[in-house]
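Dropping model.cif in here (mmCIF, C-alpha atoms and all ligand atoms):
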data_start
#
loop_
_atom_site.label_atom_id
_atom_site.label_comp_id
_atom_site.auth_asym_id
_atom_site.auth_seq_id
_atom_site.Cartn_x
_atom_site.Cartn_y
_atom_site.Cartn_z
CA MET A 13 97.87 111.95 63.69
CA ARG A 14 98.47 112.15 67.45
CA ARG A 15 100.05 115.17 69.08
CA ILE A 16 102.71 114.44 71.67
CA THR A 17 104.42 116.33 74.47
CA VAL A 18 107.77 114.91 75.53
CA LEU A 19 108.65 115.84 79.12
CA GLY A 20 112.41 115.47 79.58
CA ALA A 21 113.09 115.54 75.84
CA THR A 22 116.86 115.96 76.14
CA GLY A 23 117.26 112.89 78.36
CA SER A 24 117.98 109.33 77.41
CA ILE A 25 114.28 108.35 77.26
CA GLY A 26 113.32 111.65 75.64
CA GLN A 27 115.85 111.28 72.84
CA ASN A 28 114.90 107.65 72.26
CA THR A 29 111.24 108.67 72.12
CA LEU A 30 111.98 111.28 69.48
CA ASP A 31 114.01 108.72 67.55
CA VAL A 32 110.95 106.45 67.37
CA VAL A 33 108.54 109.33 66.71
CA SER A 34 110.64 110.57 63.79
CA ARG A 35 110.30 107.14 62.15
CA HIS A 36 106.54 107.73 61.98
CA PRO A 37 105.96 111.24 60.66
CA ASP A 38 102.44 110.38 59.52
CA ASP A 39 101.40 109.18 62.98
CA PHE A 40 102.86 111.78 65.34
CA GLN A 41 103.28 115.51 65.53
CA VAL A 42 105.45 116.98 68.27
CA PHE A 43 103.43 119.52 70.25
CA ALA A 44 105.94 120.40 72.99
CA LEU A 45 109.40 119.45 74.20
CA THR A 46 110.73 120.19 77.67
CA ALA A 47 114.20 120.25 79.19
CA HIS A 48 115.71 121.60 82.35
CA SER A 49 118.97 123.32 81.45
CA GLN A 50 120.51 121.61 78.39
CA ILE A 51 120.24 124.43 75.91
CA SER A 52 122.20 123.25 72.90
CA ALA A 53 120.68 119.77 72.99
CA MET A 54 117.25 121.36 73.18
CA ALA A 55 118.02 123.73 70.28
CA GLU A 56 118.98 120.77 68.13
CA LEU A 57 115.73 118.96 69.00
CA CYS A 58 113.65 122.06 68.28
CA LEU A 59 115.23 122.47 64.86
CA LYS A 60 114.62 118.85 64.03
CA HIS A 61 111.07 118.44 65.39
CA ASN A 62 109.71 121.98 65.19
CA PRO A 63 107.47 121.78 68.27
CA GLN A 64 104.86 124.44 68.95
CA TYR A 65 106.39 124.96 72.44
CA ALA A 66 109.76 124.43 74.05
CA VAL A 67 109.80 124.61 77.84
CA MET A 68 112.97 125.30 79.82
CA GLY A 69 113.60 125.26 83.57
CA SER A 70 114.43 128.93 84.04
CA GLN A 71 114.05 132.35 82.46
CA ASN A 72 117.76 132.43 81.68
CA ALA A 73 117.74 129.05 79.99
CA ALA A 74 114.69 130.10 77.96
CA ALA A 75 116.36 133.34 76.88
CA GLU A 76 119.50 131.50 75.80
CA LEU A 77 117.49 128.95 73.86
CA LYS A 78 115.51 131.72 72.18
CA SER A 79 118.63 133.50 71.05
CA LEU A 80 120.19 130.26 69.83
CA LEU A 81 117.10 129.45 67.76
CA GLY A 82 116.74 132.99 66.38
CA GLN A 83 114.40 133.01 63.38
CA GLN A 84 115.06 129.37 62.47
CA THR A 85 111.81 127.96 63.94
CA SER A 86 108.35 129.15 64.91
CA THR A 87 108.71 127.38 68.29
CA GLN A 88 107.57 129.46 71.26
CA VAL A 89 110.04 129.23 74.13
CA ILE A 90 108.54 129.35 77.63
CA TYR A 91 109.76 128.30 81.07
CA GLY A 92 108.87 127.19 84.57
CA GLU A 93 106.57 124.82 86.38
CA GLN A 94 103.33 126.36 85.20
CA ALA A 95 104.48 126.06 81.59
CA LEU A 96 105.31 122.37 82.15
CA ALA A 97 101.80 121.77 83.44
CA GLU A 98 100.29 123.66 80.52
CA VAL A 99 102.03 121.71 77.77
CA SER A 100 101.11 118.47 79.59
CA SER A 101 97.41 119.32 79.76
CA ASP A 102 96.79 121.47 76.66
CA GLY A 103 93.61 120.55 74.80
CA GLU A 104 95.62 119.94 71.62
CA VAL A 105 97.75 117.19 73.22
CA ASP A 106 96.85 113.51 72.92
CA VAL A 107 99.91 111.76 74.35
CA VAL A 108 102.43 112.75 77.03
CA MET A 109 105.73 110.94 77.43
CA ALA A 110 106.60 111.44 81.11
CA ALA A 111 110.40 111.22 81.08
CA ILE A 112 111.65 113.85 83.51
CA VAL A 113 113.97 112.26 86.05
CA GLY A 114 113.02 112.27 89.72
CA ALA A 115 110.40 113.98 91.85
CA ALA A 116 110.49 117.04 89.56
CA GLY A 117 108.36 115.04 87.15
CA LEU A 118 105.43 114.58 89.53
CA SER A 119 103.51 117.83 88.93
CA PRO A 120 103.62 117.85 85.12
CA THR A 121 102.82 114.12 84.99
CA LEU A 122 99.85 114.62 87.31
CA ALA A 123 98.74 117.53 85.12
CA ALA A 124 98.69 115.17 82.13
CA ILE A 125 96.85 112.55 84.17
CA ASP A 126 94.25 115.05 85.39
CA ALA A 127 93.69 116.20 81.81
CA GLY A 128 92.89 112.61 80.81
CA LYS A 129 95.81 112.21 78.40
CA ASP A 130 97.44 108.98 77.33
CA VAL A 131 100.39 109.02 79.72
CA LEU A 132 103.43 106.97 78.75
CA LEU A 133 105.11 106.59 82.12
CA ALA A 134 108.91 106.41 82.29
CA ASN A 135 109.25 108.71 85.32
CA LYS A 136 108.93 105.97 87.96
CA GLU A 137 109.77 108.36 90.82
CA ALA A 138 106.49 110.24 90.21
CA LEU A 139 104.48 107.08 90.85
CA VAL A 140 106.70 105.90 93.72
CA MET A 141 106.26 109.15 95.61
CA SER A 142 102.50 109.43 95.07
CA GLY A 143 101.19 105.85 94.72
CA GLN A 144 97.48 105.59 95.38
CA LEU A 145 96.96 109.28 94.74
CA PHE A 146 98.42 108.93 91.23
CA ILE A 147 96.20 105.92 90.49
CA ASP A 148 93.12 107.67 91.95
CA HIS A 149 93.71 110.72 89.75
CA ALA A 150 93.92 108.50 86.66
CA GLN A 151 90.73 106.71 87.67
CA ARG A 152 88.95 110.00 88.08
CA SER A 153 90.05 111.53 84.77
CA GLY A 154 90.06 108.35 82.69
CA ALA A 155 93.69 108.93 81.69
CA LYS A 156 95.32 105.87 80.20
CA ILE A 157 98.65 104.91 81.79
CA ILE A 158 101.00 102.83 79.67
CA PRO A 159 104.22 101.73 81.38
CA VAL A 160 107.46 102.54 79.57
CA ASP A 161 109.91 101.23 82.14
CA SER A 162 111.11 98.08 80.36
CA GLU A 163 110.11 95.65 83.15
CA HIS A 164 106.62 97.09 83.53
CA ASN A 165 106.15 97.36 79.82
CA ALA A 166 107.20 93.70 79.56
CA ILE A 167 104.68 92.67 82.21
CA PHE A 168 101.99 94.80 80.56
CA GLN A 169 102.68 93.02 77.27
CA CYS A 170 102.31 89.62 79.00
CA LEU A 171 98.94 90.50 80.59
CA PRO A 172 95.60 89.56 79.08
CA GLN A 173 93.89 92.42 77.26
CA ALA A 174 91.21 92.78 79.95
CA ALA A 175 93.90 93.43 82.57
CA GLN A 176 95.68 95.91 80.28
CA GLN A 177 92.52 98.03 80.42
CA GLN A 178 92.71 98.14 84.24
CA VAL A 179 96.11 99.57 85.03
CA GLY A 180 96.19 100.40 88.74
CA THR A 181 93.02 98.52 89.64
CA MET A 182 93.31 95.01 88.15
CA GLU A 183 92.87 91.95 90.37
CA LEU A 184 95.68 89.64 89.28
CA THR A 185 94.02 86.46 90.56
CA GLU A 186 90.92 87.19 88.47
CA HIS A 187 93.14 86.99 85.41
CA GLY A 188 94.69 83.67 86.46
CA ILE A 189 97.95 85.30 87.53
CA GLN A 190 99.91 83.91 90.47
CA TYR A 191 102.74 86.44 90.60
CA LEU A 192 104.90 88.87 88.62
CA LEU A 193 108.63 88.42 88.25
CA LEU A 194 110.71 91.56 87.87
CA THR A 195 114.09 90.85 86.30
CA GLY A 196 117.17 93.01 86.82
CA SER A 197 120.72 92.72 85.56
CA GLY A 198 122.28 93.31 88.97
CA GLY A 199 124.18 96.32 87.61
CA PRO A 200 127.89 96.84 87.03
CA PHE A 201 128.94 95.65 90.52
CA ARG A 202 127.13 92.33 90.39
CA ASP A 203 130.31 90.24 90.60
CA LEU A 204 132.59 92.65 92.46
CA PRO A 205 134.05 91.47 95.79
CA LEU A 206 131.85 93.06 98.49
CA ASP A 207 134.77 94.82 100.18
CA GLU A 208 135.47 96.79 96.99
CA LEU A 209 132.00 98.30 96.75
CA SER A 210 132.78 101.31 98.94
CA GLN A 211 135.57 102.50 96.62
CA GLN A 212 133.51 102.60 93.43
CA THR A 213 133.42 105.89 91.51
CA PRO A 214 130.51 107.58 89.71
CA GLY A 215 132.16 106.65 86.41
CA ALA A 216 132.20 102.96 87.33
CA ALA A 217 128.63 103.08 88.65
CA CYS A 218 127.36 104.70 85.45
CA ASN A 219 129.07 102.11 83.26
CA HIS A 220 126.10 99.75 83.01
CA PRO A 221 126.88 96.42 81.35
CA ASN A 222 123.69 96.22 79.23
CA TRP A 223 121.76 99.51 79.12
CA SER A 224 122.69 103.07 78.22
CA MET A 225 120.75 105.44 80.51
CA GLY A 226 120.82 108.74 82.37
CA ARG A 227 123.25 109.07 85.30
CA LYS A 228 120.74 108.95 88.15
CA ILE A 229 119.05 105.74 87.02
CA SER A 230 122.47 104.23 86.25
CA VAL A 231 123.55 104.72 89.87
CA ASP A 232 120.16 103.37 90.99
CA SER A 233 120.84 100.27 88.89
CA ALA A 234 124.21 99.78 90.58
CA THR A 235 122.64 99.94 94.07
CA MET A 236 119.57 98.09 92.76
CA LEU A 237 117.45 100.78 94.32
CA ASN A 238 116.20 101.08 90.75
CA LYS A 239 114.73 97.58 91.11
CA GLY A 240 113.34 98.68 94.45
CA LEU A 241 111.63 101.70 92.87
CA GLU A 242 110.39 99.39 90.12
CA TYR A 243 109.03 97.00 92.74
CA ILE A 244 107.00 99.88 94.19
CA GLU A 245 106.04 101.01 90.69
CA ALA A 246 104.81 97.48 89.87
CA ARG A 247 102.84 97.30 93.09
CA TRP A 248 100.80 100.33 91.98
CA LEU A 249 100.51 99.64 88.25
CA PHE A 250 99.46 96.02 88.70
CA ASN A 251 97.78 96.29 92.12
CA CYS A 252 99.96 93.52 93.62
CA SER A 253 100.09 92.09 97.08
CA ARG A 254 103.42 91.14 98.65
CA ASP A 255 103.26 87.50 97.55
CA GLN A 256 102.40 88.53 93.99
CA LEU A 257 105.70 90.31 93.34
CA LYS A 258 109.22 88.84 93.10
CA VAL A 259 112.62 90.06 91.95
CA VAL A 260 115.21 87.90 90.21
CA ILE A 261 118.66 88.75 88.85
CA HIS A 262 119.07 87.96 85.17
CA PRO A 263 122.47 89.26 84.06
CA GLN A 264 121.91 89.05 80.29
CA SER A 265 118.88 91.44 80.20
CA VAL A 266 117.22 89.42 77.45
CA ILE A 267 114.05 88.69 79.39
CA HIS A 268 112.64 92.03 80.52
CA SER A 269 110.19 90.55 83.08
CA MET A 270 107.66 87.72 83.37
CA VAL A 271 104.16 86.79 84.45
CA GLN A 272 103.54 83.48 86.25
CA TYR A 273 100.04 82.14 85.64
CA THR A 274 98.23 79.73 87.96
CA ASP A 275 98.27 76.91 85.38
CA GLY A 276 102.07 76.86 85.48
CA SER A 277 102.61 78.93 82.33
CA VAL A 278 105.15 81.72 82.41
CA LEU A 279 104.91 84.49 79.83
CA ALA A 280 108.07 86.51 79.25
CA GLN A 281 108.78 89.47 77.02
CA MET A 282 112.23 89.40 75.42
CA GLY A 283 114.27 91.62 73.20
CA GLU A 284 117.49 93.57 72.84
CA PRO A 285 118.16 95.86 75.82
CA ASP A 286 117.12 98.97 73.89
CA MET A 287 114.49 101.33 75.35
CA ARG A 288 113.14 102.08 71.88
CA THR A 289 111.23 98.76 72.08
CA PRO A 290 109.10 99.58 75.16
CA ILE A 291 108.84 103.20 73.96
CA ALA A 292 107.54 102.11 70.54
CA HIS A 293 105.15 99.70 72.22
CA SER A 294 103.75 102.44 74.44
CA LEU A 295 103.47 104.86 71.52
CA GLY A 296 101.76 102.40 69.22
CA TYR A 297 99.62 100.39 71.67
CA PRO A 298 97.59 98.42 70.79
CA GLU A 299 99.36 98.45 67.43
CA ARG A 300 103.03 97.69 66.81
CA LEU A 301 105.42 100.30 65.48
CA GLU A 302 108.82 99.83 63.88
CA SER A 303 111.37 101.04 66.44
CA GLY A 304 114.76 100.71 64.82
CA VAL A 305 115.67 97.85 67.18
CA ALA A 306 117.08 94.72 65.57
CA GLY A 307 115.49 91.34 66.25
CA LEU A 308 117.01 89.03 68.85
CA ASP A 309 119.62 86.65 67.48
CA PHE A 310 119.13 83.60 69.68
CA THR A 311 122.21 81.89 68.26
CA GLN A 312 124.29 84.71 69.77
CA ILE A 313 122.80 84.29 73.26
CA ALA A 314 124.99 81.69 74.90
CA GLU A 315 122.89 81.32 78.03
CA LEU A 316 120.12 82.83 80.14
CA THR A 317 120.91 82.69 83.86
CA PHE A 318 119.05 83.68 87.02
CA LYS A 319 119.87 84.16 90.68
CA GLN A 320 118.57 85.68 93.91
CA PRO A 321 119.76 89.23 94.70
CA GLU A 322 122.20 89.09 97.66
CA ALA A 323 121.00 91.13 100.63
CA GLN A 324 124.50 92.31 101.56
CA ARG A 325 125.32 93.56 98.09
CA TYR A 326 122.00 95.35 97.57
CA PRO A 327 120.78 96.82 100.89
CA CYS A 328 118.83 99.50 98.96
CA LEU A 329 116.63 96.87 97.32
CA GLN A 330 115.63 95.49 100.70
CA LEU A 331 114.94 98.99 102.04
CA ALA A 332 112.62 99.65 99.10
CA ILE A 333 110.72 96.38 99.48
CA GLU A 334 110.18 97.04 103.19
CA ALA A 335 109.17 100.66 102.50
CA CYS A 336 106.68 99.49 99.89
CA TRP A 337 104.66 97.56 102.47
CA GLU A 338 105.31 100.01 105.31
CA GLY A 339 103.23 102.77 103.74
CA GLN A 340 103.22 105.66 101.31
CA TRP A 341 105.16 107.94 103.65
CA ALA A 342 108.08 105.47 103.54
CA THR A 343 108.34 105.21 99.76
CA THR A 344 108.03 108.98 99.37
CA ALA A 345 110.79 109.49 101.95
CA LEU A 346 113.01 106.78 100.46
CA ASN A 347 112.73 108.24 96.98
CA ALA A 348 113.64 111.72 98.22
CA ALA A 349 116.56 110.50 100.36
CA ASN A 350 117.91 108.52 97.45
CA GLU A 351 117.74 111.49 95.08
CA VAL A 352 119.80 113.56 97.52
CA ALA A 353 122.26 110.71 98.16
CA VAL A 354 122.76 109.88 94.49
CA ALA A 355 123.35 113.55 93.62
CA ALA A 356 125.98 113.71 96.39
CA PHE A 357 127.60 110.50 95.15
CA LEU A 358 127.71 111.81 91.56
CA GLN A 359 129.46 114.93 92.90
CA GLU A 360 131.91 112.70 94.78
CA GLN A 361 130.84 114.02 98.17
CA VAL A 362 130.05 110.56 99.52
CA GLY A 363 131.00 107.00 98.68
CA PHE A 364 128.91 104.42 96.86
CA THR A 365 127.94 102.45 99.96
CA ASP A 366 126.89 105.66 101.74
CA ILE A 367 123.81 105.86 99.50
CA ALA A 368 122.19 102.99 101.41
CA LYS A 369 123.27 104.53 104.72
CA VAL A 370 121.61 107.85 103.89
CA CYS A 371 118.40 106.12 102.82
CA ASP A 372 118.29 103.92 105.90
CA SER A 373 119.01 106.76 108.28
CA VAL A 374 116.37 109.02 106.70
CA LEU A 375 113.73 106.27 106.84
CA GLN A 376 114.46 105.81 110.53
CA SER A 377 114.34 109.51 111.31
CA ILE A 378 111.07 110.37 109.56
CA GLN A 379 107.85 110.29 111.54
CA ALA A 380 105.43 107.76 110.10
CA ASP A 381 102.45 109.76 109.01
CA GLU A 382 99.39 109.66 106.84
CA ALA A 383 100.34 110.50 103.27
CA ASP A 384 97.14 110.77 101.31
CA SER A 385 97.17 114.25 99.81
CA LEU A 386 99.59 115.96 97.48
CA GLN A 387 100.34 118.44 100.23
CA THR A 388 101.34 115.79 102.78
CA LEU A 389 103.39 113.89 100.16
CA LEU A 390 105.32 117.01 99.24
CA ALA A 391 105.87 117.77 102.93
CA ILE A 392 107.33 114.28 103.50
CA ASP A 393 109.50 114.65 100.40
CA LYS A 394 110.84 117.93 101.79
CA GLN A 395 111.36 116.52 105.29
CA ALA A 396 113.30 113.57 103.86
CA ARG A 397 115.51 115.83 101.75
CA LEU A 398 116.32 117.94 104.82
CA ALA A 399 117.16 114.81 106.82
CA ALA A 400 119.36 113.48 104.00
CA ASN A 401 121.20 116.78 103.71
CA LYS A 402 121.72 116.84 107.47
CA TRP A 403 123.26 113.36 107.26
CA LEU A 404 125.58 114.60 104.50
CA GLN A 405 126.62 117.66 106.53
CA GLU A 406 127.46 115.53 109.55
CA TYR A 407 129.34 113.13 107.30
CA ALA A 408 131.43 115.96 105.85
CA GLN A 409 132.66 116.97 109.34
P1 LIG B 1 118.13 111.74 81.93
O1 LIG B 1 118.90 112.25 83.07
O2 LIG B 1 118.84 111.23 80.74
O3 LIG B 1 117.11 112.89 81.43
C1 LIG B 1 116.30 113.57 82.33
C2 LIG B 1 115.45 114.63 81.63
O4 LIG B 1 114.71 115.33 82.65
C3 LIG B 1 116.24 115.67 80.87
O5 LIG B 1 115.54 116.06 79.72
C4 LIG B 1 116.31 116.86 81.85
O6 LIG B 1 116.40 118.10 81.20
C5 LIG B 1 114.98 116.73 82.56
N1 LIG B 1 115.05 117.26 83.93
C6 LIG B 1 115.98 116.98 84.87
N2 LIG B 1 115.72 117.66 86.01
C7 LIG B 1 114.60 118.38 85.78
C8 LIG B 1 113.83 119.30 86.56
N3 LIG B 1 114.18 119.61 87.83
N4 LIG B 1 112.74 119.87 85.98
C9 LIG B 1 112.37 119.57 84.72
N5 LIG B 1 113.07 118.72 83.93
C10 LIG B 1 114.16 118.13 84.46
O7 LIG B 1 117.15 110.62 82.52
P2 LIG B 1 116.60 109.31 81.78
O8 LIG B 1 117.58 108.22 81.92
O9 LIG B 1 116.06 109.66 80.45
O10 LIG B 1 115.39 108.93 82.75
C11 LIG B 1 114.17 109.64 82.74
C12 LIG B 1 113.15 108.89 83.57
O11 LIG B 1 112.88 107.65 82.94
C13 LIG B 1 113.65 108.53 84.99
O12 LIG B 1 112.58 108.60 85.87
C14 LIG B 1 114.13 107.10 84.85
O13 LIG B 1 114.03 106.38 86.04
C15 LIG B 1 113.14 106.57 83.83
N6 LIG B 1 113.66 105.43 83.04
C16 LIG B 1 114.77 105.59 82.28
C17 LIG B 1 115.27 104.52 81.54
C18 LIG B 1 116.48 104.68 80.64
O14 LIG B 1 116.82 103.73 79.95
N7 LIG B 1 117.12 105.81 80.60
C19 LIG B 1 114.63 103.28 81.61
C20 LIG B 1 113.51 103.15 82.40
C21 LIG B 1 113.01 104.23 83.11
MG MG B 2 113.53 99.47 84.31
#

Could you show the structure in this file as structure tokens?
Amino acid sequence: MRRITVLGATGSIGQNTLDVVSRHPDDFQVFALTAHSQISAMAELCLKHNPQYAVMGSQNAAAELKSLLGQQTSTQVIYGEQALAEVSSDGEVDVVMAAIVGAAGLSPTLAAIDAGKDVLLANKEALVMSGQLFIDHAQRSGAKIIPVDSEHNAIFQCLPQAAQQQVGTMELTEHGIQYLLLTGSGGPFRDLPLDELSQQTPGAACNHPNWSMGRKISVDSATMLNKGLEYIEARWLFNCSRDQLKVVIHPQSVIHSMVQYTDGSVLAQMGEPDMRTPIAHSLGYPERLESGVAGLDFTQIAELTFKQPEAQRYPCLQLAIEACWEGQWATTALNAANEVAVAAFLQEQVGFTDIAKVCDSVLQSIQADEADSLQTLLAIDKQARLAANKWLQEYAQ
């Protein structure tokens, strides 16, 4: 029996995690669930999974949850950042699913890492904004990182076992690997005429053709900044150099990513586009767990196609690739600028194509600096958010 904390339990990944966990009541016990402000969704999850702790984002949200739950569970309701860190590092916890969206997930995920937990990493922004520091902390504590993001989980599955034991530090060439191929669907605007991009609404951007996900990552998929963040994520998880990492558009989302070996072999992981597969893999590793996902019906797949991402359609992807090799300050700043820009787009304050403009402008305005401590990373994150908000204010005038 392994005890699990699910950070971001009310989200798309959180709910899918609990779906898989509830299929295996003899293997998992829910220790803690966390959510930011969704009270009724959290109440439902608490009643179903009876965690020891429920963590909310604020005192008010905690009070509301407590009154909603009444005497129905023995769950203790707590709140705030310190509480998030505690349920991530508690001595009773074995596994932490890191599924908060955005930079807010960094501190609790690092708390789990520092406590040497098995960390199932969905929260890509945490790794993007901290990079080497994140990997160093895991090295120091011995925490095991298992990628949940479908592309990285696919690559992980296609690696030899020896490399799987060296997340963050593996030497790909020593394992006979030439490069990694990240696949991406290209998002909902893949075939749209370029001059229509600027008029796209949040509703259209969140209407992903293959995956059902939270709103922020859905917008990131439409700009392909999601693939850019995943590129940076892959660089850290698999210790890649620039020529060891490629991105290809694969509209059907059947192949979730691939590994090219030096002998010419390509290993791919395939499956339905359903996050319960990588989640179940990360929960069960090295064993396989039933996930509720149906097998692939190859007779229903008419074709598998591939193409290069167009630079004009996806400027955010290019920004992310450049930032990745520019330095940690750049990826931290890009992630922060994007979070501000996407939030503004979702509130209809700016247009779809403005997201790339905000990111570009922030990257140009930030002073390149050493970013090797948590303090400096958080300072760059803050500086980038200020610069992005300034851009938005000027835009509004
Ligand atoms: P979501 O928006 O559906 O859920 C986010 C969760 O984080 C919610 O539980 C919310 O309460 C919590 N949260 C939000 N802001 C918070 C804050 N400030 N403090 C504490 N908690 C907060 O997001 P999602 O789609 O489940 O994505 C979660 C993470 O997983 C993201 O980093 C995303 O990139 C990654 N991911 C998601 C998918 C997917 O299919 N949804 C796939 C791969 C990776
Ligand atoms: Mg992904």

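One distance worth recording is that between CA of Met54 (chain A) and CA of Leu390 (chain A), which is 29.0 Å.
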
For Thr195 (chain A), the nearest of the candidates A:Lys319, A:Arg325, A:His262, A:His149, counting all atoms listed in the file: A:His262

Each residue of chain A lying at most 7 Å from ligand LIG 1 (chain B) should get a row with its shortest atom-to-atom pair and the distance in Å to one decimal, counting all atoms listed in the file; could you produce that, ordered by chain and increasing number, as CSV?
residue,atom,partner,partner_atom,distance
A:Leu19,CA,B:LIG1,O5,6.9
A:Gly20,CA,B:LIG1,O5,3.2
A:Ala21,CA,B:LIG1,O5,4.6
A:Thr22,CA,B:LIG1,O5,3.8
A:Gly23,CA,B:LIG1,O3,3.1
A:Ser24,CA,B:LIG1,O9,3.6
A:Ile25,CA,B:LIG1,O9,3.9
A:Gly26,CA,B:LIG1,O9,5.9
A:Thr46,CA,B:LIG1,O5,6.7
A:Ala47,CA,B:LIG1,O6,3.7
A:His48,CA,B:LIG1,O6,3.7
A:Ser49,CA,B:LIG1,O6,5.8
A:Gln50,CA,B:LIG1,O6,6.1
A:Gly69,CA,B:LIG1,C9,5.9
A:Ala111,CA,B:LIG1,C12,4.4
A:Ile112,CA,B:LIG1,O4,3.5
A:Val113,CA,B:LIG1,C13,3.9
A:Gly114,CA,B:LIG1,O12,5.3
A:Ala116,CA,B:LIG1,N3,4.8
A:Gly117,CA,B:LIG1,C9,6.5
A:Ala134,CA,B:LIG1,O11,4.2
A:Asn135,CA,B:LIG1,O12,3.4
A:Lys136,CA,B:LIG1,O12,5.0
A:Glu137,CA,B:LIG1,O12,5.7
A:Val160,CA,B:LIG1,C20,6.7
A:Asp161,CA,B:LIG1,C20,4.1
A:Ser162,CA,B:LIG1,C20,6.0
A:Trp223,CA,B:LIG1,O14,6.5
A:Ser224,CA,B:LIG1,O14,6.2
A:Met225,CA,B:LIG1,N7,3.6
A:Gly226,CA,B:LIG1,O8,3.3
A:Arg227,CA,B:LIG1,O1,5.8
A:Lys228,CA,B:LIG1,O1,6.3
A:Ile229,CA,B:LIG1,O13,5.2
A:Met287,CA,B:LIG1,O14,5.7

Got time to write the residues from that selection, C-alpha atoms, as a PDB file, in the coordinates of the input?
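Dumped everything to result06.pdb:
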ATOM      1  CA  LEU A  19     108.650 115.840  79.120  1.00  0.00           C
ATOM      2  CA  GLY A  20     112.410 115.470  79.580  1.00  0.00           C
ATOM      3  CA  ALA A  21     113.090 115.540  75.840  1.00  0.00           C
ATOM      4  CA  THR A  22     116.860 115.960  76.140  1.00  0.00           C
ATOM      5  CA  GLY A  23     117.260 112.890  78.360  1.00  0.00           C
ATOM      6  CA  SER A  24     117.980 109.330  77.410  1.00  0.00           C
ATOM      7  CA  ILE A  25     114.280 108.350  77.260  1.00  0.00           C
ATOM      8  CA  GLY A  26     113.320 111.650  75.640  1.00  0.00           C
ATOM      9  CA  THR A  46     110.730 120.190  77.670  1.00  0.00           C
ATOM     10  CA  ALA A  47     114.200 120.250  79.190  1.00  0.00           C
ATOM     11  CA  HIS A  48     115.710 121.600  82.350  1.00  0.00           C
ATOM     12  CA  SER A  49     118.970 123.320  81.450  1.00  0.00           C
ATOM     13  CA  GLN A  50     120.510 121.610  78.390  1.00  0.00           C
ATOM     14  CA  GLY A  69     113.600 125.260  83.570  1.00  0.00           C
ATOM     15  CA  ALA A 111     110.400 111.220  81.080  1.00  0.00           C
ATOM     16  CA  ILE A 112     111.650 113.850  83.510  1.00  0.00           C
ATOM     17  CA  VAL A 113     113.970 112.260  86.050  1.00  0.00           C
ATOM     18  CA  GLY A 114     113.020 112.270  89.720  1.00  0.00           C
ATOM     19  CA  ALA A 116     110.490 117.040  89.560  1.00  0.00           C
ATOM     20  CA  GLY A 117     108.360 115.040  87.150  1.00  0.00           C
ATOM     21  CA  ALA A 134     108.910 106.410  82.290  1.00  0.00           C
ATOM     22  CA  ASN A 135     109.250 108.710  85.320  1.00  0.00           C
ATOM     23  CA  LYS A 136     108.930 105.970  87.960  1.00  0.00           C
ATOM     24  CA  GLU A 137     109.770 108.360  90.820  1.00  0.00           C
ATOM     25  CA  VAL A 160     107.460 102.540  79.570  1.00  0.00           C
ATOM     26  CA  ASP A 161     109.910 101.230  82.140  1.00  0.00           C
ATOM     27  CA  SER A 162     111.110  98.080  80.360  1.00  0.00           C
ATOM     28  CA  TRP A 223     121.760  99.510  79.120  1.00  0.00           C
ATOM     29  CA  SER A 224     122.690 103.070  78.220  1.00  0.00           C
ATOM     30  CA  MET A 225     120.750 105.440  80.510  1.00  0.00           C
ATOM     31  CA  GLY A 226     120.820 108.740  82.370  1.00  0.00           C
ATOM     32  CA  ARG A 227     123.250 109.070  85.300  1.00  0.00           C
ATOM     33  CA  LYS A 228     120.740 108.950  88.150  1.00  0.00           C
ATOM     34  CA  ILE A 229     119.050 105.740  87.020  1.00  0.00           C
ATOM     35  CA  MET A 287     114.490 101.330  75.350  1.00  0.00           C
TER      36      MET A 287
END

Å distance separating CA of Thr344 (chain A) from CA of Lys258 (chain A), one decimal place: 21.1 Å

Distance criterion (all atoms listed in the file): nearest to Asp384 (chain A) out of A:Ile125, A:Leu206, A:Leu77, A:Ile147: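 Of A:Ile125, A:Leu206, A:Leu77, A:Ile147, the one nearest Asp384 (chain A), counting all atoms listed in the file, is A:Ile147.
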
Pro285 (chain A) surroundings by only C-alpha atoms, 8 Å radius, close-in-sequence under 5 positions cut, as a ChimeraX atom specification: /A:222-223,265-266

Hey, which bits of chain A sit within 8 Å of ligand MG 2 (chain B), and for each residue what's the closest pair of atoms and how far apart in Å (one decimal), counting only C-alpha atoms and all ligand atoms, rows by chain and increasing number, as a tab-separated table?
residue	atom	partner	partner_atom	distance
A:Asp161	CA	B:MG2	MG	4.6
A:Ser162	CA	B:MG2	MG	4.8
A:Glu163	CA	B:MG2	MG	5.3
A:His164	CA	B:MG2	MG	7.3
A:Gly196	CA	B:MG2	MG	7.8
A:Asn238	CA	B:MG2	MG	7.2
A:Lys239	CA	B:MG2	MG	7.2
A:Glu242	CA	B:MG2	MG	6.6

Non-local contacts of Val374 (chain A) (8 Å; only C-alpha atoms; under 2 positions in same chain excluded) as a count of residues only: 12

Spatial neighbours of Leu184 (chain A), max dist 12 Å, only C-alpha atoms, sep filter under 5 positions, as number ranges by chain: A: 167-168, 171-172, 174-176, 178-179, 189-192, 247, 249-253, 255-257, 271-274

Residue list as a PyMOL selection string for point (100.1, 114.7, 68.7), cut-off 12 Å, only C-alpha atoms: chain A and resi 13-18+33+36-45+63-64+99-100+102-109+129-130+295

Interatomic distance (Å, one decimal) between CA of Leu80 (chain A) and CA of Leu30 (chain A):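 Between CA of Leu80 (chain A) and CA of Leu30 (chain A) the gap works out to 20.7 Å.
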
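Residues with any atom within 6 Å of Leu193 (chain A), counting only C-alpha atoms and excluding same-chain neighbours fewer than 4 positions away, are Lys258, Val259, Ser269 and Met270 of chain A.
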